[in-house]
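Participant: Attaching a single structure in structure tokens format; questions to follow.
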Amino acid sequence: MGKGIFGRWLQRFAGQPARLALPDATWQRALRRPAWTRVLDEAARQRLREYTERFLADKAITPARGFALTDDRKVLIAMMCCRPVLGLGYDWLRGWHEVIVYPGQFRVRRHDYDEHTGVAEEWDDDLAGEAWERGPVVLSWADVRGDLDAPEPGFDVVAHEIAHKLDGLDGEMDGAPPLPGPERAGWARDFQAAFDALAADVAAGREPAIDEYAAEAPEEFFAVCSEYHFSDPALLRRTMPKVAAHLERFYGASPFA
């Protein structure tokens, strides 16, 4: 890819962080792509543009395994990463500096050691996304594109991985982002109760209220519920009203509320 829009100088505003000044035509093309941008009010659209320009100045977006990373795709990825923090503020994206994008799902080697049995296991996972605790966000473009062009309720790979990054801001991915003390206590109580109920349904073979992957661990529960907040908040309110209320207070109202 040539320099394109990313060879342009970074625009610095007095007393503000660097932003990559996007041509209006480039921004408008990106804004028309996902359905959720159409229901944003003008203030939210302006904030989304500001955050996207800051993201492009602040973080590298790196192609992997031959992925063709065009300027338009770069803008869309940045915009999707900024969506979860529109109601929180750009500073919630601090502490990491890269998005790695594969053309499709990517394989990772997993290792586990059971201290009780002394048995070590290795296996391969095919992933649509991953958020390293002290490293980059890794995405499959095929899955990102699917969420853009044919969104399915309960699925949003970028929202899932950014939720992990928000979760880890207090130093640990444990299913709770940094919150004030009283709110954290209520969050822990209500999320734990909902997580336990979901895990019990999965263990008993009952139909889970949401994607059963949420029962893997508290941090996955938060990330999956975040996907529902941004893609199917009505289902989350029906099945897990206390969790939905916490997420609405945290992220702000979903565009599809």
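Just remember, in the structure tokens the first chain shown is A, the second B, etc., residues are 1-based per chain, and ligands are 1-based in the order shown.
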I'd like to know which residues of segment 129-227 of chain A are strand (DSSP E or B) (by DSSP, run on the backbone); could you write them as number ranges by chain?

Facilitator: A: 129-131, 137-140

Participant: From the options A:Phe222, A:Tyr213, A:Trp141, A:Phe250, which residue's atoms come nearest to Ala64 of chain A, counting only C-alpha atoms?

Facilitator: A:Trp141

Participant: Check segment 85-235 of chain A with DSSP on the backbone and list each residue it calls helix (DSSP H, G or I), as number ranges by chain.

Facilitator: A: 85, 90-93, 141-149, 157-170, 181-204, 212-215, 218-231, 233-235

Participant: Leaving out Leu31 of chain A and any residue of its chain fewer than 4 positions from it, which residues lie within 10 Å of it when counting only C-alpha atoms, given as a count of residues only?

Facilitator: 13

Participant: Within 10 Å of Leu236 of chain A, counting only C-alpha atoms, which residues qualify if same-chain residues fewer than 4 places away don't, as a ChimeraX atom specification?

Facilitator: /A:154,209-210,225-229,231-232,240-245,247

Participant: Would you save the residues from that selection as an mmCIF file, in the first residue's frame, using N, CA and C atoms?

Facilitator:
data_model
loop_
_atom_site.group_PDB
_atom_site.id
_atom_site.type_symbol
_atom_site.label_atom_id
_atom_site.label_comp_id
_atom_site.auth_asym_id
_atom_site.auth_seq_id
_atom_site.Cartn_x
_atom_site.Cartn_y
_atom_site.Cartn_z
ATOM 1 N N GLY A 154 -25.777 -10.876 18.964
ATOM 2 C CA GLY A 154 -24.901 -11.569 19.901
ATOM 3 C C GLY A 154 -23.479 -11.737 19.432
ATOM 4 N N ALA A 209 -29.164 -18.822 27.869
ATOM 5 C CA ALA A 209 -29.827 -17.572 27.478
ATOM 6 C C ALA A 209 -29.035 -16.821 26.423
ATOM 7 N N ILE A 210 -27.708 -16.923 26.485
ATOM 8 C CA ILE A 210 -26.827 -16.270 25.519
ATOM 9 C C ILE A 210 -25.788 -17.297 25.062
ATOM 10 N N CYS A 225 -21.277 -10.632 26.917
ATOM 11 C CA CYS A 225 -22.409 -9.737 27.235
ATOM 12 C C CYS A 225 -22.220 -8.371 26.575
ATOM 13 N N SER A 226 -20.982 -7.924 26.448
ATOM 14 C CA SER A 226 -20.722 -6.674 25.737
ATOM 15 C C SER A 226 -21.133 -6.787 24.274
ATOM 16 N N GLU A 227 -20.874 -7.955 23.662
ATOM 17 C CA GLU A 227 -21.328 -8.179 22.288
ATOM 18 C C GLU A 227 -22.845 -8.023 22.191
ATOM 19 N N TYR A 228 -23.573 -8.598 23.139
ATOM 20 C CA TYR A 228 -25.029 -8.484 23.130
ATOM 21 C C TYR A 228 -25.477 -7.047 23.370
ATOM 22 N N HIS A 229 -24.773 -6.331 24.238
ATOM 23 C CA HIS A 229 -25.125 -4.934 24.479
ATOM 24 C C HIS A 229 -25.110 -4.138 23.186
ATOM 25 N N SER A 231 -25.222 -5.462 20.045
ATOM 26 C CA SER A 231 -25.887 -6.075 18.897
ATOM 27 C C SER A 231 -27.315 -6.551 19.164
ATOM 28 N N ASP A 232 -27.638 -6.875 20.406
ATOM 29 C CA ASP A 232 -28.980 -7.353 20.749
ATOM 30 C C ASP A 232 -29.300 -7.018 22.202
ATOM 31 N N MET A 240 -31.158 -11.201 31.217
ATOM 32 C CA MET A 240 -30.234 -10.837 32.299
ATOM 33 C C MET A 240 -30.389 -9.345 32.593
ATOM 34 N N PRO A 241 -31.531 -8.947 33.140
ATOM 35 C CA PRO A 241 -31.816 -7.516 33.281
ATOM 36 C C PRO A 241 -30.807 -6.747 34.139
ATOM 37 N N LYS A 242 -30.284 -7.367 35.180
ATOM 38 C CA LYS A 242 -29.329 -6.655 36.038
ATOM 39 C C LYS A 242 -28.000 -6.455 35.312
ATOM 40 N N VAL A 243 -27.552 -7.466 34.583
ATOM 41 C CA VAL A 243 -26.332 -7.333 33.787
ATOM 42 C C VAL A 243 -26.524 -6.260 32.723
ATOM 43 N N ALA A 244 -27.662 -6.285 32.038
ATOM 44 C CA ALA A 244 -27.942 -5.289 31.000
ATOM 45 C C ALA A 244 -27.918 -3.878 31.581
ATOM 46 N N ALA A 245 -28.480 -3.704 32.778
ATOM 47 C CA ALA A 245 -28.509 -2.372 33.401
ATOM 48 C C ALA A 245 -27.096 -1.891 33.726
ATOM 49 N N LEU A 247 -24.349 -2.722 32.133
ATOM 50 C CA LEU A 247 -23.669 -2.401 30.879
ATOM 51 C C LEU A 247 -24.178 -1.096 30.293
#

Participant: Select, from A:Thr70, A:Thr239, A:Thr62, A:Thr52, the residue with the minimum atom-to-atom distance to Ala18 of chain A, counting only C-alpha atoms.

Facilitator: A:Thr52

Participant: Residues near Pro103 of chain A, anyone? I mean within 12 Å using only C-alpha atoms, not counting same-chain ones fewer than 4 positions away, as a PyMOL selection string.

Facilitator: chain A and resi 62-69+73+127-129+138-145

Participant: Would you mind exporting the chosen residues as a short mmCIF file (atom, residue, chain, number, x, y, z; two decimals), in the first residue's frame, restricted to N, CA and C atoms?

Facilitator:
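Output below, filename again02.cif:
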data_model
loop_
_atom_site.label_atom_id
_atom_site.label_comp_id
_atom_site.auth_asym_id
_atom_site.auth_seq_id
_atom_site.Cartn_x
_atom_site.Cartn_y
_atom_site.Cartn_z
N THR A 62 -1.64 -3.45 11.76
CA THR A 62 -0.63 -4.22 11.04
C THR A 62 -1.26 -5.43 10.36
N PRO A 63 -1.06 -5.61 9.04
CA PRO A 63 -1.59 -6.79 8.36
C PRO A 63 -0.73 -8.02 8.63
N ALA A 64 -1.37 -9.18 8.64
CA ALA A 64 -0.65 -10.45 8.84
C ALA A 64 -1.10 -11.45 7.80
N ARG A 65 -0.21 -12.37 7.48
CA ARG A 65 -0.48 -13.48 6.58
C ARG A 65 -1.09 -13.00 5.25
N GLY A 66 -0.52 -11.93 4.69
CA GLY A 66 -0.91 -11.49 3.37
C GLY A 66 -2.19 -10.69 3.29
N PHE A 67 -2.73 -10.28 4.42
CA PHE A 67 -3.96 -9.49 4.38
C PHE A 67 -3.72 -8.16 3.67
N ALA A 68 -4.64 -7.80 2.76
CA ALA A 68 -4.54 -6.55 2.02
C ALA A 68 -5.18 -5.43 2.84
N LEU A 69 -4.37 -4.66 3.52
CA LEU A 69 -4.87 -3.62 4.41
C LEU A 69 -4.96 -2.30 3.66
N ARG A 73 -10.15 0.06 4.88
CA ARG A 73 -10.24 -0.98 5.90
C ARG A 73 -9.62 -0.52 7.20
N LEU A 127 -9.28 -18.91 16.01
CA LEU A 127 -9.87 -17.75 16.65
C LEU A 127 -10.29 -16.69 15.64
N ALA A 128 -11.36 -15.94 16.00
CA ALA A 128 -11.76 -14.76 15.24
C ALA A 128 -11.13 -13.50 15.81
N GLY A 129 -10.70 -13.59 17.06
CA GLY A 129 -10.09 -12.43 17.70
C GLY A 129 -9.40 -12.84 18.99
N VAL A 138 -5.84 -8.74 18.26
CA VAL A 138 -5.68 -9.51 17.03
C VAL A 138 -7.07 -9.83 16.49
N LEU A 139 -7.28 -9.58 15.19
CA LEU A 139 -8.61 -9.72 14.59
C LEU A 139 -8.56 -10.50 13.30
N SER A 140 -9.64 -11.18 13.00
CA SER A 140 -9.88 -11.78 11.69
C SER A 140 -10.73 -10.80 10.87
N TRP A 141 -10.20 -10.34 9.73
CA TRP A 141 -10.96 -9.40 8.90
C TRP A 141 -12.25 -10.03 8.40
N ALA A 142 -12.25 -11.32 8.07
CA ALA A 142 -13.47 -11.96 7.59
C ALA A 142 -14.59 -11.84 8.62
N ASP A 143 -14.25 -11.96 9.91
CA ASP A 143 -15.27 -11.84 10.95
C ASP A 143 -15.66 -10.40 11.19
N VAL A 144 -14.70 -9.49 11.13
CA VAL A 144 -15.02 -8.06 11.24
C VAL A 144 -15.95 -7.65 10.10
N ARG A 145 -15.62 -8.08 8.89
CA ARG A 145 -16.44 -7.74 7.72
C ARG A 145 -17.85 -8.31 7.86
#

Participant: Counting only C-alpha atoms, what is within 12 Å of Leu56 of chain A, bar same-chain residues fewer than 2 positions away, as an NGL selection string?

Facilitator: :A and (5-11 or 17-22 or 49-54 or 58-62 or 71-82 or 97-99)

Participant: Could you pull the residues within 10 Å of Ala163 of chain A, counting only C-alpha atoms, minus those fewer than 6 positions along the same chain, as a PyMOL selection string?

Facilitator: chain A and resi 81+84-85+131+157+173+175-177+219-220+222-227

Participant: If you keep N, CA, C and O atoms, can you produce a file of those selected residues as a short mmCIF file (atom, residue, chain, number, x, y, z; two decimals), in the first residue's frame?

Facilitator:
data_model
loop_
_atom_site.label_atom_id
_atom_site.label_comp_id
_atom_site.auth_asym_id
_atom_site.auth_seq_id
_atom_site.Cartn_x
_atom_site.Cartn_y
_atom_site.Cartn_z
N CYS A 81 -13.08 -0.18 16.70
CA CYS A 81 -12.41 -0.25 18.00
C CYS A 81 -12.82 0.90 18.92
O CYS A 81 -12.80 0.75 20.15
N PRO A 84 -16.92 1.01 21.33
CA PRO A 84 -17.27 0.73 22.72
C PRO A 84 -16.96 1.86 23.70
O PRO A 84 -17.53 1.88 24.79
N VAL A 85 -16.07 2.78 23.35
CA VAL A 85 -15.68 3.82 24.30
C VAL A 85 -16.33 5.17 23.98
O VAL A 85 -15.96 6.18 24.58
N ALA A 131 -7.26 -10.75 22.49
CA ALA A 131 -6.69 -9.55 23.11
C ALA A 131 -5.61 -9.99 24.08
O ALA A 131 -5.90 -10.65 25.08
N VAL A 157 -17.05 -9.23 17.06
CA VAL A 157 -15.71 -9.63 17.50
C VAL A 157 -14.92 -8.45 18.03
O VAL A 157 -14.17 -8.58 19.01
N MET A 173 -7.58 -9.25 33.93
CA MET A 173 -8.82 -9.58 33.22
C MET A 173 -9.62 -10.53 34.09
O MET A 173 -9.34 -11.72 34.16
N GLY A 175 -13.31 -9.94 34.47
CA GLY A 175 -14.74 -9.76 34.23
C GLY A 175 -15.29 -8.44 34.72
O GLY A 175 -16.52 -8.23 34.66
N ALA A 176 -14.43 -7.55 35.20
CA ALA A 176 -14.89 -6.24 35.68
C ALA A 176 -13.89 -5.16 35.29
O ALA A 176 -12.71 -5.26 35.67
N PRO A 177 -14.31 -4.14 34.56
CA PRO A 177 -13.42 -3.01 34.27
C PRO A 177 -13.24 -2.15 35.51
O PRO A 177 -13.92 -2.37 36.52
N GLU A 219 -14.26 -13.36 32.65
CA GLU A 219 -13.84 -12.37 31.67
C GLU A 219 -14.51 -12.59 30.32
O GLU A 219 -14.82 -11.63 29.59
N GLU A 220 -14.78 -13.86 29.96
CA GLU A 220 -15.49 -14.14 28.72
C GLU A 220 -16.97 -13.77 28.85
O GLU A 220 -17.60 -13.34 27.89
N PHE A 222 -18.20 -11.23 30.57
CA PHE A 222 -18.27 -9.78 30.35
C PHE A 222 -18.12 -9.46 28.87
O PHE A 222 -18.87 -8.64 28.31
N ALA A 223 -17.17 -10.10 28.19
CA ALA A 223 -16.93 -9.80 26.78
C ALA A 223 -18.11 -10.21 25.91
O ALA A 223 -18.53 -9.47 25.01
N VAL A 224 -18.68 -11.39 26.17
CA VAL A 224 -19.83 -11.84 25.38
C VAL A 224 -21.05 -10.96 25.65
O VAL A 224 -21.78 -10.58 24.73
N CYS A 225 -21.28 -10.63 26.92
CA CYS A 225 -22.41 -9.74 27.24
C CYS A 225 -22.22 -8.37 26.58
O CYS A 225 -23.21 -7.74 26.17
N SER A 226 -20.98 -7.92 26.45
CA SER A 226 -20.72 -6.67 25.74
C SER A 226 -21.13 -6.79 24.27
O SER A 226 -21.68 -5.85 23.69
N GLU A 227 -20.87 -7.95 23.66
CA GLU A 227 -21.33 -8.18 22.29
C GLU A 227 -22.85 -8.02 22.19
O GLU A 227 -23.36 -7.41 21.25
#

Participant: Here is a test: counting only C-alpha atoms, which residue of A:Gln105, A:Ala185, A:Gln46, A:Asp41 is nearest to Asp24 of chain A?

Facilitator: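 That would be A:Gln46, the residue with the smallest distance to Asp24 of chain A.
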
Participant: From the options A:Asp201, A:His246, A:Ala217, A:Phe230, which residue's atoms come nearest to Arg184 of chain A, counting only C-alpha atoms?

Facilitator: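 Checking each candidate against Arg184 of chain A, we get A:His246 as the closest.
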
Participant: Quick one: of A:Glu161, A:Glu207, A:Asp170, A:Asp149, who's nearest to Arg83 of chain A, counting only C-alpha atoms?

Facilitator: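 Counting only C-alpha atoms, the residue closest to Arg83 of chain A is A:Glu161.
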
Participant: Please compute the atom CA of Leu86 of chain A-atom CA of Gly252 of chain A distance, one decimal, in Å.

Facilitator: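 One can read the atom CA of Leu86 of chain A to atom CA of Gly252 of chain A distance as 8.2 Å.
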
Participant: So, counting only C-alpha atoms, which residue among A:Arg189, A:Tyr102, A:Ala200, A:Arg32 is closest to Leu148 of chain A?

Facilitator: A:Arg32
